[in-house]
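Visitor: CSV, C-alpha atoms, file final.csv:
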chain,number,residue,atom,x,y,z
A,575,MET,CA,112.1,114.0,47.8
A,576,GLU,CA,111.4,110.3,48.4
A,577,LYS,CA,109.9,109.9,44.9
A,578,ILE,CA,113.0,111.4,43.2
A,579,GLU,CA,115.2,109.0,45.2
A,580,ASN,CA,113.1,106.1,43.9
A,581,VAL,CA,113.7,107.3,40.3
A,582,LEU,CA,117.4,107.7,41.0
A,583,ASN,CA,117.6,104.2,42.3
A,584,PHE,CA,115.8,103.0,39.2
A,585,ILE,CA,118.4,104.9,37.0
A,586,VAL,CA,121.2,103.1,38.8
A,587,GLU,CA,119.4,99.7,38.6
A,588,ILE,CA,119.0,99.8,34.8
A,589,GLU,CA,122.7,100.4,34.4
A,590,LYS,CA,122.8,96.6,34.5
A,591,LEU,CA,121.4,96.4,31.0
A,592,LYS,CA,124.8,97.7,29.9
A,593,ASN,CA,126.3,94.4,31.0
A,594,VAL,CA,123.8,92.1,29.2
A,595,LEU,CA,125.6,90.9,26.1
A,596,ARG,CA,123.7,90.0,22.9
A,597,LYS,CA,124.6,87.6,20.2
A,598,THR,CA,125.8,89.9,17.4
A,599,LYS,CA,128.7,92.3,17.1
A,600,PRO,CA,128.1,95.9,16.0
A,601,VAL,CA,129.4,96.6,12.4
A,602,GLY,CA,133.1,97.3,12.6
A,603,LEU,CA,133.6,96.2,16.2
A,604,ASP,CA,135.1,93.0,17.5
A,605,ARG,CA,133.0,92.6,20.6
A,606,TYR,CA,129.4,91.7,21.3
A,607,GLU,CA,126.8,94.3,21.6
A,608,ASN,CA,125.1,95.0,24.9
A,609,SER,CA,121.3,95.5,25.3
A,610,ALA,CA,121.5,99.1,26.4
A,611,GLU,CA,123.4,100.4,23.3
A,612,HIS,CA,121.1,98.1,21.2
A,613,SER,CA,118.1,99.9,22.8
A,614,TRP,CA,119.4,103.3,21.7
A,615,HIS,CA,120.1,102.0,18.2
A,616,VAL,CA,116.6,100.7,17.6
A,617,CYS,CA,115.0,103.9,19.0
A,618,LEU,CA,116.9,106.1,16.6
A,619,SER,CA,116.4,103.6,13.8
A,620,ALA,CA,112.6,103.6,14.4
A,621,LEU,CA,112.6,107.4,14.3
A,622,MET,CA,114.3,107.5,10.9
A,623,LEU,CA,112.2,104.7,9.5
A,624,LYS,CA,108.8,105.9,10.7
A,625,ASP,CA,107.6,107.0,7.3
A,626,PHE,CA,108.0,103.4,6.0
A,627,ALA,CA,105.4,102.0,8.4
A,628,ASN,CA,102.5,100.1,6.8
A,629,GLU,CA,99.9,101.7,9.1
A,630,PRO,CA,99.6,104.9,11.0
A,631,ILE,CA,101.8,104.7,14.0
A,632,ASN,CA,102.6,106.9,17.0
A,633,ILE,CA,106.4,107.1,16.9
A,634,ASP,CA,106.6,108.5,20.4
A,635,ARG,CA,104.9,105.4,21.8
A,636,VAL,CA,107.1,103.2,19.6
A,637,ILE,CA,110.2,104.8,21.0
A,638,LYS,CA,109.0,104.4,24.5
A,639,MET,CA,108.3,100.7,23.8
A,640,LEU,CA,111.8,100.3,22.5
A,641,LEU,CA,113.4,102.1,25.4
A,642,ILE,CA,112.0,99.6,27.8
A,643,HIS,CA,111.6,96.5,25.6
A,644,ASP,CA,114.8,94.7,26.9
A,645,LEU,CA,114.7,95.6,30.6
A,646,GLY,CA,113.6,92.0,31.4
A,647,GLU,CA,117.0,90.9,30.3
A,648,ILE,CA,118.6,92.4,33.4
A,649,ASP,CA,117.3,89.4,35.3
A,650,VAL,CA,117.0,86.8,32.6
A,651,GLY,CA,119.9,87.6,30.2
A,652,ASP,CA,119.8,87.8,26.4
A,653,THR,CA,118.9,84.6,24.5
A,654,ILE,CA,119.3,84.2,20.7
A,655,ILE,CA,115.9,85.0,19.2
A,656,TYR,CA,115.9,81.9,17.1
A,657,ALA,CA,115.4,79.8,20.2
A,658,SER,CA,114.1,82.2,22.8
A,659,GLU,CA,110.5,83.0,22.2
A,660,THR,CA,109.1,80.5,24.6
A,661,LYS,CA,106.3,81.2,27.1
A,662,LYS,CA,108.5,80.3,30.0
A,663,LEU,CA,111.2,82.8,29.1
A,664,LYS,CA,108.7,85.5,28.3
A,665,ALA,CA,107.1,85.0,31.8
A,666,GLU,CA,110.5,85.3,33.4
A,667,GLU,CA,111.2,88.5,31.5
A,668,ALA,CA,107.8,89.9,32.5
A,669,ALA,CA,108.6,89.2,36.1
A,670,GLY,CA,112.0,91.0,35.7
A,671,VAL,CA,110.5,94.0,34.1
A,672,LYS,CA,107.9,94.2,36.9
A,673,ARG,CA,110.6,94.0,39.5
A,674,ILE,CA,112.6,96.8,38.0
A,675,LEU,CA,109.7,99.1,37.3
A,676,SER,CA,108.5,98.5,40.9
A,677,ILE,CA,111.5,100.5,42.1
A,678,LEU,CA,109.8,103.6,40.6
A,679,PRO,CA,107.4,105.8,42.6
A,680,GLU,CA,103.9,104.4,42.9
A,681,GLY,CA,101.7,104.8,39.9
A,682,MET,CA,104.6,104.9,37.3
A,683,GLU,CA,104.9,101.2,36.9
A,684,GLU,CA,101.6,100.4,35.3
A,685,GLY,CA,101.8,102.3,32.0
A,686,CYS,CA,105.3,101.0,31.3
A,687,MET,CA,104.3,97.4,32.1
A,688,GLU,CA,101.4,97.7,29.7
A,689,LEU,CA,103.7,99.1,27.0
A,690,TRP,CA,106.1,96.2,27.5
A,691,HIS,CA,103.2,93.6,27.1
A,692,GLU,CA,101.9,95.5,24.1
A,693,PHE,CA,105.4,95.1,22.5
A,694,GLU,CA,105.6,91.5,23.3
A,695,ALA,CA,102.1,90.7,22.0
A,696,GLY,CA,102.8,92.5,18.7
A,697,GLU,CA,99.1,93.1,18.0
A,698,THR,CA,98.9,96.8,17.6
A,699,SER,CA,100.4,98.9,14.7
A,700,ASP,CA,102.9,100.5,17.1
A,701,ALA,CA,104.0,97.1,18.4
A,702,ARG,CA,104.2,95.6,14.9
A,703,PHE,CA,106.4,98.5,13.8
A,704,ALA,CA,108.6,98.4,16.9
A,705,ARG,CA,109.1,94.6,16.6
A,706,ALA,CA,110.0,95.1,12.9
A,707,ILE,CA,112.7,97.7,13.8
A,708,ASP,CA,114.0,95.5,16.6
A,709,ARG,CA,115.1,92.9,14.0
A,710,VAL,CA,117.0,95.3,11.7
A,711,PRO,CA,120.3,95.9,13.5
A,712,PRO,CA,121.1,92.3,14.3
A,713,LEU,CA,120.5,91.4,10.6
A,714,LEU,CA,122.7,94.3,9.5
A,715,HIS,CA,125.4,93.0,12.0
A,716,ASN,CA,125.3,89.6,10.3
A,717,LEU,CA,125.1,91.0,6.8
A,718,HIS,CA,128.1,93.3,7.4
A,719,GLY,CA,129.9,90.8,9.6
A,720,ASP,CA,130.2,87.6,7.5
A,721,GLY,CA,127.1,86.1,9.2
A,722,HIS,CA,129.1,85.6,12.4
A,723,SER,CA,126.1,84.9,14.6
A,724,TRP,CA,124.3,82.8,12.1
A,725,ARG,CA,127.3,80.6,11.7
A,726,LYS,CA,128.2,80.4,15.4
A,727,HIS,CA,124.6,79.3,16.3
A,728,GLY,CA,124.0,77.2,13.2
A,729,VAL,CA,121.0,79.3,12.1
A,730,SER,CA,119.7,78.2,8.7
A,731,LYS,CA,118.6,80.5,5.9
A,732,GLU,CA,115.1,79.0,6.3
A,733,ARG,CA,114.9,80.1,10.0
A,734,VAL,CA,116.3,83.6,9.1
A,735,PHE,CA,113.7,84.2,6.5
A,736,GLU,CA,110.9,82.7,8.6
A,737,LEU,CA,111.6,84.6,11.8
A,738,ASN,CA,112.4,87.9,10.2
A,739,GLN,CA,109.4,88.0,8.0
A,740,ARG,CA,107.7,89.7,10.9
A,741,ILE,CA,109.4,92.9,9.6
A,742,GLU,CA,106.9,92.8,6.8
A,743,LEU,CA,104.0,93.2,9.3
A,744,GLY,CA,105.5,96.5,10.3
A,745,SER,CA,106.9,97.7,7.0
A,746,LYS,CA,106.5,95.9,3.6
A,747,GLU,CA,109.1,98.3,2.1
A,748,LEU,CA,111.6,97.7,4.8
A,749,TRP,CA,111.2,93.9,4.5
A,750,ALA,CA,111.6,94.1,0.7
A,751,ALA,CA,115.0,95.9,1.2
A,752,ILE,CA,116.2,93.5,3.9
A,753,ARG,CA,115.0,90.5,2.0
A,754,ASP,CA,117.0,91.5,-1.0
A,755,LYS,CA,120.1,91.8,1.2
A,756,LEU,CA,119.4,88.3,2.7
A,757,GLU,CA,119.0,86.8,-0.7
A,758,GLU,CA,122.4,88.3,-1.7
A,759,ALA,CA,123.9,86.8,1.4
A,760,VAL,CA,122.5,83.4,0.4
A,761,GLU,CA,123.9,83.8,-3.1
A,762,SER,CA,127.4,84.7,-1.8
A,763,GLY,CA,127.3,81.8,0.7
A,764,VAL,CA,127.2,84.0,3.9
A,765,LEU,CA,123.8,82.6,4.8
A,766,LYS,CA,123.3,78.9,4.3
B,962,MET,CA,113.8,101.9,-2.4
B,963,GLU,CA,116.7,104.3,-2.6
B,964,LYS,CA,115.4,106.3,0.4
B,965,ILE,CA,115.3,103.2,2.6
B,966,GLU,CA,118.8,102.3,1.6
B,967,ASN,CA,119.9,105.7,2.8
B,968,VAL,CA,118.3,105.1,6.1
B,969,LEU,CA,119.9,101.7,6.4
B,970,ASN,CA,123.3,103.3,5.7
B,971,PHE,CA,122.6,105.8,8.4
B,972,ILE,CA,121.8,103.0,10.8
B,973,VAL,CA,125.1,101.3,10.1
B,974,GLU,CA,127.0,104.6,10.3
B,975,ILE,CA,125.7,105.5,13.8
B,976,GLU,CA,127.0,102.1,15.1
B,977,LYS,CA,130.2,104.0,15.5
B,978,LEU,CA,128.8,105.8,18.6
B,979,LYS,CA,129.1,102.4,20.4
B,980,ASN,CA,132.9,102.8,20.1
B,981,VAL,CA,133.1,106.3,21.5
B,982,LEU,CA,134.2,105.9,25.1
B,983,ARG,CA,133.2,108.4,27.8
B,984,LYS,CA,135.0,109.4,31.0
B,985,THR,CA,133.0,107.5,33.6
B,986,LYS,CA,132.2,103.8,34.3
B,987,PRO,CA,128.7,102.6,34.7
B,988,VAL,CA,127.8,101.6,38.3
B,989,GLY,CA,129.1,98.1,39.0
B,990,LEU,CA,131.2,97.9,35.8
B,991,ASP,CA,134.9,98.1,35.5
B,992,ARG,CA,134.9,99.6,32.0
B,993,TYR,CA,134.2,103.0,30.5
B,994,GLU,CA,130.8,103.8,29.3
B,995,ASN,CA,130.2,104.4,25.6
B,996,SER,CA,128.1,107.2,24.2
B,997,ALA,CA,125.4,104.9,22.6
B,998,GLU,CA,124.5,103.2,25.9
B,999,HIS,CA,124.7,106.6,27.7
B,1000,SER,CA,122.2,107.9,25.1
B,1001,TRP,CA,119.8,105.2,26.0
B,1002,HIS,CA,120.3,105.7,29.7
B,1003,VAL,CA,119.5,109.5,29.5
B,1004,CYS,CA,116.4,108.9,27.4
B,1005,LEU,CA,114.9,106.5,29.9
B,1006,SER,CA,116.0,108.7,32.8
B,1007,ALA,CA,114.3,111.7,31.2
B,1008,LEU,CA,111.1,109.7,30.7
B,1009,MET,CA,111.0,108.7,34.4
B,1010,LEU,CA,112.0,112.2,35.7
B,1011,LYS,CA,109.7,114.2,33.5
B,1012,ASP,CA,107.2,115.1,36.3
B,1013,PHE,CA,110.0,116.9,38.1
B,1014,ALA,CA,110.7,119.4,35.3
B,1015,ASN,CA,110.4,123.1,36.5
B,1016,GLU,CA,108.4,124.1,33.4
B,1017,PRO,CA,106.0,122.3,31.0
B,1018,ILE,CA,108.0,120.2,28.7
B,1019,ASN,CA,107.3,118.0,25.7
B,1020,ILE,CA,109.0,114.7,26.8
B,1021,ASP,CA,108.8,113.3,23.3
B,1022,ARG,CA,111.0,116.2,22.0
B,1023,VAL,CA,113.3,115.8,24.9
B,1024,ILE,CA,113.8,112.1,24.2
B,1025,LYS,CA,114.5,112.8,20.5
B,1026,MET,CA,117.1,115.5,21.5
B,1027,LEU,CA,118.7,113.0,23.8
B,1028,LEU,CA,118.7,110.2,21.1
B,1029,ILE,CA,120.8,112.4,18.8
B,1030,HIS,CA,122.6,114.7,21.3
B,1031,ASP,CA,125.9,112.8,21.1
B,1032,LEU,CA,126.1,111.9,17.4
B,1033,GLY,CA,128.7,114.6,16.8
B,1034,GLU,CA,131.1,112.5,18.9
B,1035,ILE,CA,131.4,110.0,16.2
B,1036,ASP,CA,133.7,112.4,14.4
B,1037,VAL,CA,135.1,114.3,17.3
B,1038,GLY,CA,135.2,111.8,20.2
B,1039,ASP,CA,134.1,112.4,23.8
B,1040,THR,CA,135.8,115.1,25.8
B,1041,ILE,CA,135.3,115.5,29.6
B,1042,ILE,CA,132.6,118.1,30.1
B,1043,TYR,CA,134.7,120.1,32.6
B,1044,ALA,CA,137.0,121.1,29.7
B,1045,SER,CA,135.0,120.6,26.6
B,1046,GLU,CA,132.4,123.3,26.1
B,1047,THR,CA,134.4,125.4,23.8
B,1048,LYS,CA,133.2,127.1,20.6
B,1049,LYS,CA,135.7,125.3,18.5
B,1050,LEU,CA,134.7,121.8,19.7
B,1051,LYS,CA,131.0,122.6,19.4
B,1052,ALA,CA,131.5,123.7,15.8
B,1053,GLU,CA,133.4,120.5,15.1
B,1054,GLU,CA,130.6,118.5,16.7
B,1055,ALA,CA,128.0,120.3,14.7
B,1056,ALA,CA,129.9,119.5,11.5
B,1057,GLY,CA,130.0,115.9,12.5
B,1058,VAL,CA,126.2,115.8,13.2
B,1059,LYS,CA,125.6,117.4,9.8
B,1060,ARG,CA,127.7,114.9,8.0
B,1061,ILE,CA,126.0,111.9,9.6
B,1062,LEU,CA,122.5,113.3,9.2
B,1063,SER,CA,123.3,114.1,5.5
B,1064,ILE,CA,123.3,110.3,4.9
B,1065,LEU,CA,119.6,110.3,5.4
B,1066,PRO,CA,117.1,110.9,2.6
B,1067,GLU,CA,116.6,114.5,1.6
B,1068,GLY,CA,114.4,116.5,3.9
B,1069,MET,CA,115.1,114.5,7.0
B,1070,GLU,CA,118.3,116.3,8.1
B,1071,GLU,CA,116.9,119.7,8.9
B,1072,GLY,CA,114.6,118.9,11.8
B,1073,CYS,CA,117.2,116.8,13.6
B,1074,MET,CA,119.9,119.4,13.1
B,1075,GLU,CA,117.6,122.1,14.6
B,1076,LEU,CA,116.9,119.8,17.6
B,1077,TRP,CA,120.7,119.3,18.1
B,1078,HIS,CA,121.3,123.0,18.1
B,1079,GLU,CA,118.4,123.6,20.4
B,1080,PHE,CA,119.9,121.1,22.9
B,1081,GLU,CA,123.3,122.8,22.7
B,1082,ALA,CA,121.9,126.3,23.1
B,1083,GLY,CA,119.9,125.2,26.2
B,1084,GLU,CA,117.5,128.1,25.8
B,1085,THR,CA,114.1,126.3,25.7
B,1086,SER,CA,112.4,124.4,28.4
B,1087,ASP,CA,112.9,121.1,26.6
B,1088,ALA,CA,116.6,121.8,26.1
B,1089,ARG,CA,117.0,122.9,29.7
B,1090,PHE,CA,115.5,119.7,31.0
B,1091,ALA,CA,117.4,117.5,28.5
B,1092,ARG,CA,120.7,119.1,29.5
B,1093,ALA,CA,119.8,118.6,33.2
B,1094,ILE,CA,119.2,114.9,32.7
B,1095,ASP,CA,122.3,114.5,30.6
B,1096,ARG,CA,124.4,115.4,33.8
B,1097,VAL,CA,122.7,112.9,36.1
B,1098,PRO,CA,124.2,109.5,35.1
B,1099,PRO,CA,127.9,110.6,35.1
B,1100,LEU,CA,127.4,112.1,38.6
B,1101,LEU,CA,125.8,108.9,39.8
B,1102,HIS,CA,128.8,107.0,38.3
B,1103,ASN,CA,131.2,109.1,40.3
B,1104,LEU,CA,129.0,109.0,43.4
B,1105,HIS,CA,128.7,105.2,43.3
B,1106,GLY,CA,132.2,104.7,42.0
B,1107,ASP,CA,134.5,106.4,44.5
B,1108,GLY,CA,134.7,109.6,42.4
B,1109,HIS,CA,136.9,107.7,39.9
B,1110,SER,CA,136.5,110.3,37.1
B,1111,TRP,CA,136.8,113.4,39.3
B,1112,ARG,CA,140.0,112.0,40.8
B,1113,LYS,CA,141.5,110.9,37.5
B,1114,HIS,CA,140.9,114.2,35.8
B,1115,GLY,CA,141.6,116.3,38.9
B,1116,VAL,CA,138.1,117.9,39.0
B,1117,SER,CA,137.6,120.0,42.1
B,1118,LYS,CA,134.4,120.2,44.1
B,1119,GLU,CA,134.0,123.8,43.1
B,1120,ARG,CA,133.9,122.8,39.4
B,1121,VAL,CA,131.5,120.0,40.0
B,1122,PHE,CA,129.1,122.2,41.8
B,1123,GLU,CA,129.5,125.1,39.3
B,1124,LEU,CA,129.0,123.0,36.2
B,1125,ASN,CA,126.2,120.8,37.4
B,1126,GLN,CA,124.2,123.6,38.8
B,1127,ARG,CA,122.6,123.6,35.3
B,1128,ILE,CA,120.5,120.7,36.6
B,1129,GLU,CA,118.6,123.3,38.6
B,1130,LEU,CA,117.6,125.1,35.4
B,1131,GLY,CA,115.7,122.0,34.3
B,1132,SER,CA,114.6,120.7,37.7
B,1133,LYS,CA,115.0,122.4,41.0
B,1134,GLU,CA,113.9,119.2,42.8
B,1135,LEU,CA,116.4,117.0,40.9
B,1136,TRP,CA,119.2,119.4,41.7
B,1137,ALA,CA,118.3,119.5,45.4
B,1138,ALA,CA,118.5,115.7,45.5
B,1139,ILE,CA,121.8,115.5,43.6
B,1140,ARG,CA,123.3,118.4,45.5
B,1141,ASP,CA,122.6,116.6,48.8
B,1142,LYS,CA,124.5,113.6,47.4
B,1143,LEU,CA,127.4,115.8,46.2
B,1144,GLU,CA,127.6,117.4,49.7
B,1145,GLU,CA,127.7,113.9,51.3
B,1146,ALA,CA,130.6,113.1,48.9
B,1147,VAL,CA,132.4,116.2,50.0
B,1148,GLU,CA,131.9,115.2,53.6
B,1149,SER,CA,133.2,111.7,53.1
B,1150,GLY,CA,136.2,112.9,51.1
B,1151,VAL,CA,135.2,111.4,47.8
B,1152,LEU,CA,134.8,114.8,46.2
B,1153,LYS,CA,137.6,117.3,47.1
Transcribe the structure of this file into structure tokens.

Guide:
Amino acid sequence: MEKIENVLNFIVEIEKLKNVLRKTKPVGLDRYENSAEHSWHVCLSALMLKDFANEPINIDRVIKMLLIHDLGEIDVGDTIIYASETKKLKAEEAAGVKRILSILPEGMEEGCMELWHEFEAGETSDARFARAIDRVPPLLHNLHGDGHSWRKHGVSKERVFELNQRIELGSKELWAAIRDKLEEAVESGVLK
Amino acid sequence: MEKIENVLNFIVEIEKLKNVLRKTKPVGLDRYENSAEHSWHVCLSALMLKDFANEPINIDRVIKMLLIHDLGEIDVGDTIIYASETKKLKAEEAAGVKRILSILPEGMEEGCMELWHEFEAGETSDARFARAIDRVPPLLHNLHGDGHSWRKHGVSKERVFELNQRIELGSKELWAAIRDKLEEAVESGVLK
């Protein structure tokens, strides 16, 4: 009974991810996205895009990675990716994930923590694919939303192409499709 | 390239689930939950509660069920569960799910549609467990939030116990823990 209480406490604790606001607005909505709904969106996106992965992947591991990949933001908050991938911030996020997972019964923390680090390192085929998928919705938000986040944060087209090229590491075909859309956005003046 | 465009269109279409409001408020937040963040929450809850299932389950299938279980609400909206499980509404939801999945490339719709029906029927061990988990967060919202949704919608303690007893079909241990909390809520006057 004690173990199940620990999991129920964890379930309540992770509610806080619903209050972490990201930097883009979902297509058609005039509010910022939160990291919980984003996490759902990337899980389902990964499932539907799995056949476009460059390498063999285990989609079930990819989905688990994406379910937990933003838990560190409960303690640290969301930072725009174009400025956020620093060692200090990543260490703070890791500490946050560890704190939250430690609410779980003994023995459950480790596997999840490893999965989180694997995602962050991006050195396995599962992590490469998961990190590619993680980039897709925010780009679609900007592409369908007049580049609202790029403009607000002064993100140049060079930075957008440079950072998001990681999509190619997970799926060449996906990157080709997204790159076409980004190039159209440059032509139409949405991305400068 | 056409196939990937179809999936990207699907990814944009399902954004709408972020605008479907449910009937309970996440713990600590003074706003209603949306069905996208709820979907994330139940997926991660299922993963952490999997060892408490009564029967052997395939957690990867359970997670996939829960990723798609609310897609029908994009067309139909969310209805309070204490009044919503009618044949008419379920048929409308099924049509909604079918419409949304039909945006995907050919051949991808069927497996997901079957999974959605399996969840709704609740007749397999995976579906029984998924349906049990789906009930947990809204109960925690009420238990931690002064029974706000029970009070607003005039849901009696008899209805709460009756409907949520389905948790026991997926996990006796989970139901025992939740039932204790519900009984405490009755004693303290939060659930009447």

Visitor: Starting from chain A, keep only residues with some atom at most 6 Å from an atom of chain B, counting all atoms listed in the file, and report them as number ranges by chain.

Guide: A: 610-611, 614

Visitor: One decimal, in Å: what's the spacing between atom CA of B:Gly1057 and atom CA of B:Glu1034?

Guide: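 Separation between atom CA of B:Gly1057 and atom CA of B:Glu1034: 7.3 Å.
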
Visitor: Quote the spacing between atom CA of B:Cys1073 and atom CA of A:Ser699 in Å to one decimal place.

Guide: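 Straight-line distance from atom CA of B:Cys1073 to atom CA of A:Ser699 works out to 24.6 Å.
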
Visitor: In Å, how far is it from atom CA of B:Gly1038 to atom CA of B:Val981?

Guide: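 Spanning atom CA of B:Gly1038 to atom CA of B:Val981 is a straight-line distance of 6.0 Å.
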
Visitor: Which neighbours of stretch 1118-1121 of chain B fall inside 6 Å, counting only C-alpha atoms, when residues of the same chain fewer than 2 positions from it are skipped, and could you give them as a ChimeraX atom specification?

Guide: /B:1123-1125,1152-1153

Visitor: Could you turn the residues from that selection into a file that holds C-alpha atoms, as an mmCIF file, keeping the file's coordinate frame?

Guide:
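See out_21.cif below for the written result:
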data_model
loop_
_atom_site.group_PDB
_atom_site.id
_atom_site.type_symbol
_atom_site.label_atom_id
_atom_site.label_comp_id
_atom_site.auth_asym_id
_atom_site.auth_seq_id
_atom_site.Cartn_x
_atom_site.Cartn_y
_atom_site.Cartn_z
ATOM 1 C CA GLU B 1123 129.500 125.100 39.300
ATOM 2 C CA LEU B 1124 129.000 123.000 36.200
ATOM 3 C CA ASN B 1125 126.200 120.800 37.400
ATOM 4 C CA LEU B 1152 134.800 114.800 46.200
ATOM 5 C CA LYS B 1153 137.600 117.300 47.100
#

Visitor: Which is closer to A:Gly763 than all the others in A:Phe703, A:Trp690, A:Tyr656, A:Trp724, using all atoms listed in the file?

Guide: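 Checking each candidate against A:Gly763, we get A:Trp724 as the closest.
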
Visitor: A:Asp644, A:Asp700, A:Asp649, A:Glu694: which is nearest A:Asn632, counting only C-alpha atoms?

Guide: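 For A:Asn632, the nearest of the candidates is A:Asp700.
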
Visitor: Between A:Asp652, A:Glu742, A:Asp604, A:Glu761, which one has atoms that come closest to A:Arg705, using all atoms listed in the file?

Guide: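 For A:Arg705, the nearest of the given residues is A:Glu742.
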